[in-house]
$ cat entry_38.cif   # mmCIF, C-alpha atoms
data_model
#
loop_
_atom_site.label_atom_id
_atom_site.label_comp_id
_atom_site.auth_asym_id
_atom_site.auth_seq_id
_atom_site.Cartn_x
_atom_site.Cartn_y
_atom_site.Cartn_z
CA MET P 1 -106.68 102.73 -59.44
CA SER P 2 -103.10 103.54 -60.46
CA GLU P 3 -102.37 104.54 -64.05
CA GLN P 4 -100.44 101.88 -65.93
CA LEU P 5 -97.46 103.44 -67.69
CA LEU P 6 -95.59 100.45 -69.04
CA LYS P 7 -96.62 96.93 -69.98
CA VAL P 8 -94.14 94.31 -71.18
CA ASP P 9 -95.63 91.12 -72.57
CA SER P 10 -93.67 87.96 -73.45
CA LEU P 11 -90.44 89.82 -74.22
CA ARG P 12 -87.67 87.75 -75.74
CA THR P 13 -84.20 89.14 -76.49
CA TYR P 14 -81.62 86.73 -77.89
CA PHE P 15 -77.98 87.09 -78.89
CA HIS P 16 -76.96 85.09 -81.95
CA LEU P 17 -73.41 83.94 -81.27
CA LYS P 18 -71.11 81.54 -83.09
CA LYS P 19 -71.55 78.94 -80.35
CA GLY P 20 -75.34 79.22 -80.42
CA VAL P 21 -78.29 81.38 -79.41
CA LEU P 22 -77.95 83.02 -76.00
CA LYS P 23 -81.42 83.54 -74.53
CA ALA P 24 -80.72 86.58 -72.37
CA VAL P 25 -84.40 87.40 -71.86
CA ASP P 26 -86.81 84.57 -72.50
CA GLY P 27 -90.49 85.47 -72.34
CA ILE P 28 -90.83 87.91 -69.43
CA SER P 29 -93.99 89.90 -68.68
CA PHE P 30 -94.59 92.70 -66.18
CA SER P 31 -96.20 96.11 -65.78
CA VAL P 32 -95.38 99.35 -63.95
CA ASN P 33 -97.86 101.92 -62.66
CA ARG P 34 -97.37 105.65 -62.15
CA GLY P 35 -95.98 106.49 -58.72
CA GLU P 36 -94.78 102.95 -58.08
CA ILE P 37 -91.37 101.30 -57.97
CA LEU P 38 -90.67 97.86 -59.42
CA CYS P 39 -87.44 96.17 -58.35
CA ILE P 40 -85.95 93.54 -60.65
CA VAL P 41 -83.55 91.31 -58.74
CA GLY P 42 -81.31 88.38 -59.56
CA GLU P 43 -77.69 87.33 -59.95
CA SER P 44 -75.42 88.73 -62.64
CA GLY P 45 -76.40 87.27 -65.99
CA SER P 46 -80.05 86.76 -65.09
CA GLY P 47 -81.26 89.16 -67.79
CA LYS P 48 -82.05 92.24 -65.71
CA SER P 49 -80.01 94.81 -67.64
CA VAL P 50 -80.86 93.30 -71.03
CA SER P 51 -84.55 93.66 -70.13
CA ALA P 52 -84.02 97.37 -69.47
CA LEU P 53 -81.98 97.90 -72.65
CA SER P 54 -84.70 96.09 -74.62
CA ILE P 55 -87.30 98.55 -73.32
CA MET P 56 -85.05 101.45 -74.34
CA GLY P 57 -84.40 99.95 -77.79
CA LEU P 58 -80.65 99.84 -77.13
CA ILE P 59 -79.87 96.24 -78.05
CA ASP P 60 -76.99 96.08 -80.53
CA PRO P 61 -76.06 93.17 -82.84
CA PRO P 62 -75.62 90.28 -82.40
CA GLY P 63 -78.55 90.79 -80.04
CA ARG P 64 -82.12 91.59 -81.06
CA ARG P 65 -85.64 91.60 -79.69
CA GLU P 66 -87.11 88.37 -81.03
CA ALA P 67 -90.67 88.63 -79.76
CA GLY P 68 -92.95 90.33 -77.29
CA THR P 69 -94.69 93.66 -76.95
CA ILE P 70 -93.58 96.78 -75.06
CA ILE P 71 -96.35 99.33 -74.54
CA PHE P 72 -95.67 102.74 -73.02
CA GLU P 73 -98.93 104.58 -72.35
CA ASP P 74 -100.68 104.06 -75.72
CA LEU P 75 -97.50 103.64 -77.78
CA VAL P 76 -96.20 100.24 -78.92
CA LEU P 77 -92.47 100.86 -78.69
CA ASN P 78 -91.69 97.88 -80.93
CA ASP P 79 -93.37 99.73 -83.81
CA LEU P 80 -91.30 102.91 -83.49
CA ASP P 81 -88.34 103.68 -85.74
CA GLU P 82 -85.03 104.90 -84.30
CA ARG P 83 -85.88 108.58 -84.77
CA SER P 84 -89.13 108.18 -82.83
CA MET P 85 -87.39 106.21 -80.10
CA ARG P 86 -84.88 109.03 -79.65
CA GLY P 87 -87.85 111.24 -78.77
CA ILE P 88 -88.82 108.77 -76.04
CA ARG P 89 -85.37 108.09 -74.57
CA GLY P 90 -84.32 110.64 -71.99
CA ASN P 91 -87.59 112.47 -72.43
CA LYS P 92 -90.38 110.03 -71.47
CA ILE P 93 -88.26 107.08 -70.33
CA ALA P 94 -84.83 107.79 -68.86
CA MET P 95 -82.13 105.40 -67.72
CA ILE P 96 -79.35 105.62 -65.13
CA PHE P 97 -76.57 103.25 -66.16
CA GLN P 98 -74.34 101.18 -63.84
CA ASP P 99 -71.04 103.00 -64.24
CA PRO P 100 -71.31 106.81 -64.32
CA MET P 101 -67.62 107.21 -65.22
CA ARG P 102 -68.18 105.24 -68.44
CA SER P 103 -71.49 106.98 -69.17
CA LEU P 104 -70.21 110.54 -68.74
CA ASN P 105 -67.94 112.03 -71.41
CA PRO P 106 -64.62 112.97 -69.77
CA GLY P 107 -64.02 115.71 -72.34
CA PHE P 108 -67.08 117.82 -71.49
CA THR P 109 -68.19 119.53 -68.30
CA ILE P 110 -71.10 117.96 -66.46
CA GLY P 111 -73.07 121.18 -66.98
CA ASP P 112 -72.71 120.95 -70.76
CA GLN P 113 -73.67 117.26 -70.77
CA ILE P 114 -76.89 117.79 -68.82
CA SER P 115 -77.68 120.96 -70.78
CA GLU P 116 -77.52 118.99 -74.03
CA VAL P 117 -80.44 116.82 -72.91
CA LEU P 118 -82.58 119.88 -72.18
CA ILE P 119 -81.64 121.64 -75.43
CA ILE P 120 -82.46 118.55 -77.52
CA HIS P 121 -85.67 117.40 -75.83
CA SER P 122 -87.11 120.60 -74.35
CA SER P 123 -85.86 123.28 -76.78
CA PHE P 124 -84.19 125.25 -74.00
CA SER P 125 -81.80 128.08 -74.87
CA LYS P 126 -78.28 127.78 -73.44
CA GLY P 127 -79.14 130.29 -70.72
CA GLN P 128 -82.35 128.51 -69.76
CA ALA P 129 -80.56 125.18 -69.77
CA ARG P 130 -77.80 126.47 -67.47
CA LYS P 131 -80.35 127.77 -64.97
CA ARG P 132 -82.26 124.48 -65.00
CA VAL P 133 -79.10 122.38 -64.66
CA ILE P 134 -78.05 124.34 -61.57
CA GLU P 135 -81.50 123.68 -60.09
CA LEU P 136 -81.15 119.96 -60.88
CA LEU P 137 -77.69 119.71 -59.34
CA ASP P 138 -79.02 121.34 -56.20
CA MET P 139 -82.01 118.98 -56.22
CA VAL P 140 -79.79 115.89 -56.21
CA GLY P 141 -77.66 117.22 -53.35
CA ILE P 142 -74.54 118.57 -55.06
CA ALA P 143 -73.13 121.48 -53.07
CA GLU P 144 -72.23 124.75 -54.82
CA PRO P 145 -74.02 123.79 -58.06
CA GLU P 146 -73.11 127.05 -59.80
CA ARG P 147 -69.42 126.29 -59.42
CA ARG P 148 -69.69 122.54 -60.08
CA PHE P 149 -71.54 123.24 -63.36
CA SER P 150 -68.16 123.82 -65.03
CA ASP P 151 -66.37 120.84 -63.48
CA TYR P 152 -65.44 117.68 -65.38
CA PRO P 153 -66.47 114.11 -64.39
CA HIS P 154 -63.03 113.26 -62.97
CA GLN P 155 -63.44 116.07 -60.44
CA PHE P 156 -66.37 114.28 -58.79
CA SER P 157 -66.37 111.30 -56.44
CA GLY P 158 -68.21 108.10 -57.42
CA GLY P 159 -71.27 109.06 -55.40
CA MET P 160 -71.32 112.58 -56.84
CA ARG P 161 -70.98 111.26 -60.41
CA GLN P 162 -73.98 109.03 -59.75
CA ARG P 163 -75.91 112.10 -58.60
CA VAL P 164 -74.93 113.84 -61.84
CA MET P 165 -76.33 110.87 -63.78
CA ILE P 166 -79.56 111.10 -61.78
CA ALA P 167 -79.79 114.84 -62.50
CA MET P 168 -79.37 114.11 -66.21
CA ALA P 169 -81.99 111.34 -66.10
CA ILE P 170 -84.65 113.49 -64.40
CA SER P 171 -83.87 116.67 -66.36
CA CYS P 172 -86.89 116.25 -68.65
CA GLN P 173 -89.12 114.91 -65.85
CA PRO P 174 -89.56 111.45 -67.41
CA ASP P 175 -92.61 109.33 -66.70
CA ILE P 176 -90.43 106.26 -66.13
CA LEU P 177 -86.94 106.15 -64.64
CA ILE P 178 -84.90 102.97 -65.09
CA ALA P 179 -82.03 102.70 -62.60
CA ASP P 180 -79.60 99.90 -63.46
CA GLU P 181 -77.52 99.01 -60.39
CA PRO P 182 -77.28 102.70 -59.39
CA THR P 183 -75.36 101.96 -56.18
CA THR P 184 -72.72 99.59 -57.57
CA ALA P 185 -69.24 100.23 -56.12
CA LEU P 186 -70.56 102.83 -53.64
CA ASP P 187 -70.09 102.47 -49.90
CA VAL P 188 -73.10 101.59 -47.73
CA THR P 189 -73.76 105.15 -46.54
CA ILE P 190 -73.74 106.57 -50.07
CA GLN P 191 -75.91 103.66 -51.27
CA ALA P 192 -78.59 104.62 -48.76
CA GLN P 193 -78.42 108.28 -49.79
CA ILE P 194 -78.77 107.45 -53.51
CA LEU P 195 -81.69 105.07 -52.92
CA ASN P 196 -83.52 107.58 -50.72
CA LEU P 197 -82.90 110.27 -53.33
CA LEU P 198 -84.39 108.09 -56.09
CA LYS P 199 -87.40 107.24 -53.95
CA ASP P 200 -88.03 110.91 -53.12
CA LEU P 201 -87.65 111.99 -56.76
CA CYS P 202 -90.08 109.31 -57.91
CA HIS P 203 -92.64 110.63 -55.43
CA GLU P 204 -91.94 114.29 -56.25
CA LEU P 205 -92.23 113.78 -60.03
CA ASN P 206 -95.16 111.30 -59.69
CA SER P 207 -93.24 109.01 -62.00
CA ALA P 208 -92.61 105.27 -62.02
CA MET P 209 -89.26 103.62 -61.49
CA ILE P 210 -87.70 100.30 -62.38
CA LEU P 211 -84.77 99.58 -60.05
CA ILE P 212 -82.42 96.81 -61.18
CA THR P 213 -80.23 95.19 -58.56
CA HIS P 214 -78.51 91.93 -57.67
CA ASP P 215 -78.93 92.71 -53.97
CA ILE P 216 -82.39 91.68 -52.78
CA GLY P 217 -81.55 93.18 -49.40
CA ILE P 218 -81.90 96.80 -50.59
CA VAL P 219 -85.44 96.56 -51.99
CA ALA P 220 -87.45 96.35 -48.74
CA GLU P 221 -87.58 100.10 -48.15
CA ILE P 222 -88.08 101.24 -51.73
CA ALA P 223 -90.11 98.74 -53.80
CA HIS P 224 -93.82 98.31 -54.33
CA ASP P 225 -93.42 95.17 -56.42
CA VAL P 226 -90.52 92.75 -56.87
CA MET P 227 -89.69 90.61 -59.91
CA VAL P 228 -87.10 87.89 -59.36
CA MET P 229 -85.27 86.78 -62.51
CA TYR P 230 -83.14 83.71 -63.11
CA ALA P 231 -81.57 82.62 -66.41
CA GLY P 232 -83.57 85.10 -68.45
CA ARG P 233 -86.97 84.20 -67.00
CA VAL P 234 -89.24 85.47 -64.23
CA VAL P 235 -89.35 82.95 -61.39
CA GLU P 236 -91.33 85.01 -58.85
CA TYR P 237 -93.37 88.20 -59.03
CA GLY P 238 -95.48 90.01 -56.44
CA ASP P 239 -95.73 92.85 -53.96
CA VAL P 240 -92.60 93.48 -51.93
CA ARG P 241 -93.99 92.28 -48.60
CA THR P 242 -95.18 88.97 -50.02
CA VAL P 243 -91.97 88.24 -51.94
CA LEU P 244 -89.59 89.17 -49.11
CA LYS P 245 -91.60 87.73 -46.24
CA SER P 246 -93.30 84.78 -47.93
CA GLY P 247 -91.26 84.10 -51.06
CA ARG P 248 -91.92 80.59 -52.36
CA HIS P 249 -89.57 79.95 -55.24
CA PRO P 250 -86.45 78.08 -54.03
CA TYR P 251 -84.20 80.65 -55.72
CA THR P 252 -85.88 83.55 -53.90
CA CYS P 253 -85.58 81.67 -50.61
CA ASP P 254 -81.90 80.93 -51.27
CA LEU P 255 -81.25 84.61 -52.05
CA MET P 256 -82.84 85.61 -48.75
CA ARG P 257 -80.82 83.03 -46.81
CA SER P 258 -77.58 84.35 -48.29
CA LEU P 259 -78.09 87.79 -46.68
CA ILE P 260 -76.77 89.03 -43.36
CA LYS P 261 -79.70 90.07 -41.15
CA LEU P 262 -79.71 92.55 -38.28
CA GLU P 263 -80.80 89.86 -35.83
CA ASP P 264 -77.89 87.58 -36.78
CA ASP P 265 -75.18 87.16 -34.16
CA LYS P 266 -71.46 86.55 -34.65
CA SER P 267 -71.96 82.79 -34.75
CA SER P 268 -74.40 83.00 -37.69
CA VAL P 269 -73.13 81.41 -40.87
CA LEU P 270 -74.08 82.71 -44.29
CA GLN P 271 -75.60 80.15 -46.65
CA PRO P 272 -74.25 80.80 -50.14
CA ILE P 273 -76.15 79.48 -53.11
CA LYS P 274 -74.33 76.40 -54.31
CA GLY P 275 -73.19 76.01 -57.89
CA SER P 276 -73.19 78.62 -60.64
CA PRO P 277 -75.81 80.11 -62.97
CA PRO P 278 -76.37 78.04 -66.13
CA ASP P 279 -74.91 78.67 -69.57
CA LEU P 280 -77.65 80.64 -71.34
CA VAL P 281 -76.67 79.04 -74.66
CA ASN P 282 -77.14 75.52 -73.28
CA LEU P 283 -79.96 75.75 -70.76
CA PRO P 284 -81.24 72.62 -69.00
CA SER P 285 -84.30 71.02 -70.60
CA GLY P 286 -86.33 71.54 -67.43
CA CYS P 287 -86.15 74.23 -64.77
CA SER P 288 -82.95 76.26 -65.09
CA TYR P 289 -82.53 76.31 -61.32
CA GLU P 290 -82.88 72.53 -60.93
CA PRO P 291 -79.10 71.78 -60.76
CA ARG P 292 -78.76 74.13 -57.75
CA CYS P 293 -82.09 73.38 -56.03
CA ASP P 294 -82.39 71.12 -52.97
CA LEU P 295 -86.15 70.67 -53.54
CA ALA P 296 -86.01 69.62 -57.21
CA ASN P 297 -88.02 66.58 -58.31
CA ASN P 298 -88.30 64.60 -61.55
CA ASP P 299 -90.63 67.15 -63.16
CA CYS P 300 -88.01 69.85 -62.61
CA LYS P 301 -85.53 67.89 -64.74
CA VAL P 302 -87.76 67.46 -67.79
CA SER P 303 -90.19 70.38 -68.14
CA LEU P 304 -90.00 74.15 -67.78
CA PRO P 305 -92.39 75.46 -65.07
CA GLU P 306 -94.88 78.15 -66.02
CA LEU P 307 -95.45 81.30 -63.97
CA ILE P 308 -98.68 80.58 -62.09
CA THR P 309 -100.67 82.52 -59.48
CA SER P 310 -99.85 81.49 -55.93
CA ALA P 311 -102.12 83.95 -54.10
CA GLY P 312 -103.63 87.27 -55.19
CA THR P 313 -101.15 88.88 -57.58
CA HIS P 314 -98.28 86.72 -56.32
CA ARG P 315 -96.93 84.44 -59.06
CA VAL P 316 -94.31 81.69 -58.93
CA ALA P 317 -92.72 79.48 -61.60
CA CYS P 318 -91.96 76.26 -59.73
CA HIS P 319 -93.17 72.65 -60.08
CA VAL P 320 -92.75 72.03 -56.35
CA VAL P 321 -94.90 75.04 -55.45
CA ALA P 322 -97.52 74.02 -58.03
CA GLU P 323 -97.70 70.52 -56.59
CA SER P 324 -98.12 71.84 -53.04
CA LYS P 325 -101.26 73.72 -54.16
CA ASN P 326 -102.88 70.54 -55.49
#
$ encode --input "entry_38.cif" --output "structure tokens"
Amino acid sequence: MSEQLLKVDSLRTYFHLKKGVLKAVDGISFSVNRGEILCIVGESGSGKSVSALSIMGLIDPPGRREAGTIIFEDLVLNDLDERSMRGIRGNKIAMIFQDPMRSLNPGFTIGDQISEVLIIHSSFSKGQARKRVIELLDMVGIAEPERRFSDYPHQFSGGMRQRVMIAMAISCQPDILIADEPTTALDVTIQAQILNLLKDLCHELNSAMILITHDIGIVAEIAHDVMVMYAGRVVEYGDVRTVLKSGRHPYTCDLMRSLIKLEDDKSSVLQPIKGSPPDLVNLPSGCSYEPRCDLANNDCKVSLPELITSAGTHRVACHVVAESKN
């Protein structure tokens, strides 16, 4: 049986704005085991990144974690003060952010920035840190790592900067790696290289990974489990084969239909999801997806569906699916 590294239970993270309370994450639960990869998918604004930042304890005002429990190994992260959390971040749980150019400091060399992580968390000397950073740069596929150690972020391409961020994230061999849209703005070839690199590193380090993406099409080759989010809630959760091949929530099905498939010919027409995601300050009283759903019924308009087991570990939050089981 796989070792459970992270368990998130009923997490709620809200932002208290002048116009009302924005429920960015509204009661999500999931777990991640060592050696496995969980993909969190959904449109922009579904709560994916806020979920990750909540785990890392990086929610700034006016946002705050309202409820829920986050357990890493035997530690309840909610109970830790900021100083203790700094010992976890980058060391036990590391995060790769969306935009490496904004995450890297343009005024320092990439070697110095990665070295700082090792000096702080692993008590390396400057010489030891330099040697390890060169090894890391080589590990993530950056040519001539000794020379590139002294280069600045602007001297790297987008794909190479993302590799630098990955090297920084794995520098302390974290137990959990959170990758938030790590292939955004990269071309398709570089996307595949980055995803394969992350998958190989997860296997090599025997760590777990949470991959956040809006593109459900990239998860088939990398994920063990998939969690589909919509309007701050989990609408479907299960192993990758079940979710991608036999997904039951209308939102999951609509996401799949909006993708170009290899077997499609030139006459195939994409089916975009109609409408727009809801305002998280003024959510519908029933299912948040009801205004965009072709299968919605009266129950969908008035009550919020609970996440129920469909088969095995596969869970779906949908009134229509629940009714079809009865």
$ resolve_selection --input "entry_38.cif" --expression "the PyMOL selection byres ((chain P and resi 220) around 12)" --output "NGL selection string"
:P and (37-39 or 41 or 195 or 215-219 or 221-226 or 239-245 or 256)
$ closest_residue --input "entry_38.cif" --among "P:Ile93, P:Ala67, P:Val164, P:Leu80" --to "Gly27 in chain P" --atoms "all atoms listed in the file"
P:Ala67
$ residues_around --input "entry_38.cif" --residues "His249 in chain P" --least-positions-apart "4" --cutoff "8 Å" --atoms "all atoms listed in the file" --output "VMD selection string"
chain P and resid 235 to 236 253 316 to 318 321
$ atom_distance --input "entry_38.cif" --atom1 "CA of Thr309 in chain P" --atom2 "CA of Gly275 in chain P"
28.3 Å
$ resolve_selection --input "entry_38.cif" --expression "the PyMOL selection byres ((chain P and resi 5-19) around 8)" --output "JSON, numbers by chain"
{"P": [3, 4, 20, 21, 22, 23, 24, 25, 26, 27, 28, 29, 30, 31, 32, 33, 34, 50, 51, 54, 61, 62, 63, 64, 65, 66, 67, 68, 69, 70, 71, 72, 73, 175, 176, 208, 281]}
$ atom_distance --input "entry_38.cif" --atom1 "CA of Leu255 in chain P" --atom2 "CA of Val320 in chain P"
17.6 Å
$ closest_residue --input "entry_38.cif" --among "P:Val234, P:Met209, P:Val140, P:Leu280" --to "Ile308 in chain P" --atoms "all atoms listed in the file"
P:Val234
$ atom_distance --input "entry_38.cif" --atom1 "CA of Phe124 in chain P" --atom2 "CA of Met95 in chain P"
20.9 Å
$ closest_residue --input "entry_38.cif" --among "P:Val133, P:Tyr152, P:Gln98, P:Ser46" --to "Ser288 in chain P" --atoms "only C-alpha atoms"
P:Ser46
$ closest_residue --input "entry_38.cif" --among "P:Val269, P:Leu304, P:Ile166, P:Ala322" --to "Thr183 in chain P" --atoms "all atoms listed in the file"
P:Ile166
$ residues_around --input "entry_38.cif" --residues "Glu43 in chain P" --least-positions-apart "2" --cutoff "9 Å" --atoms "all atoms listed in the file" --output "list in words"
Val41, Gly45, Ser46, Gly47, Lys48, Thr213, His214, Asp215, Met229, Tyr230, Ala231 and Pro277 of chain P
$ residues_near_point --input "entry_38.cif" --point "(-78.5, 109.5, -52.8)" --cutoff "10 Å" --atoms "all atoms listed in the file" --output "list in words"
Val140, Gly141, Gly159, Met160, Gln162, Arg163, Ile166, Pro182, Thr183, Thr189, Ile190, Gln191, Ala192, Gln193, Ile194, Leu195, Asn196, Leu197, Leu198, Lys199 and Asp200 of chain P
$ resolve_selection --input "entry_38.cif" --expression "the PyMOL selection byres ((chain P and resi 211) around 6)" --output "MDAnalysis selection string"
chainID P and resid 39 179 210 212
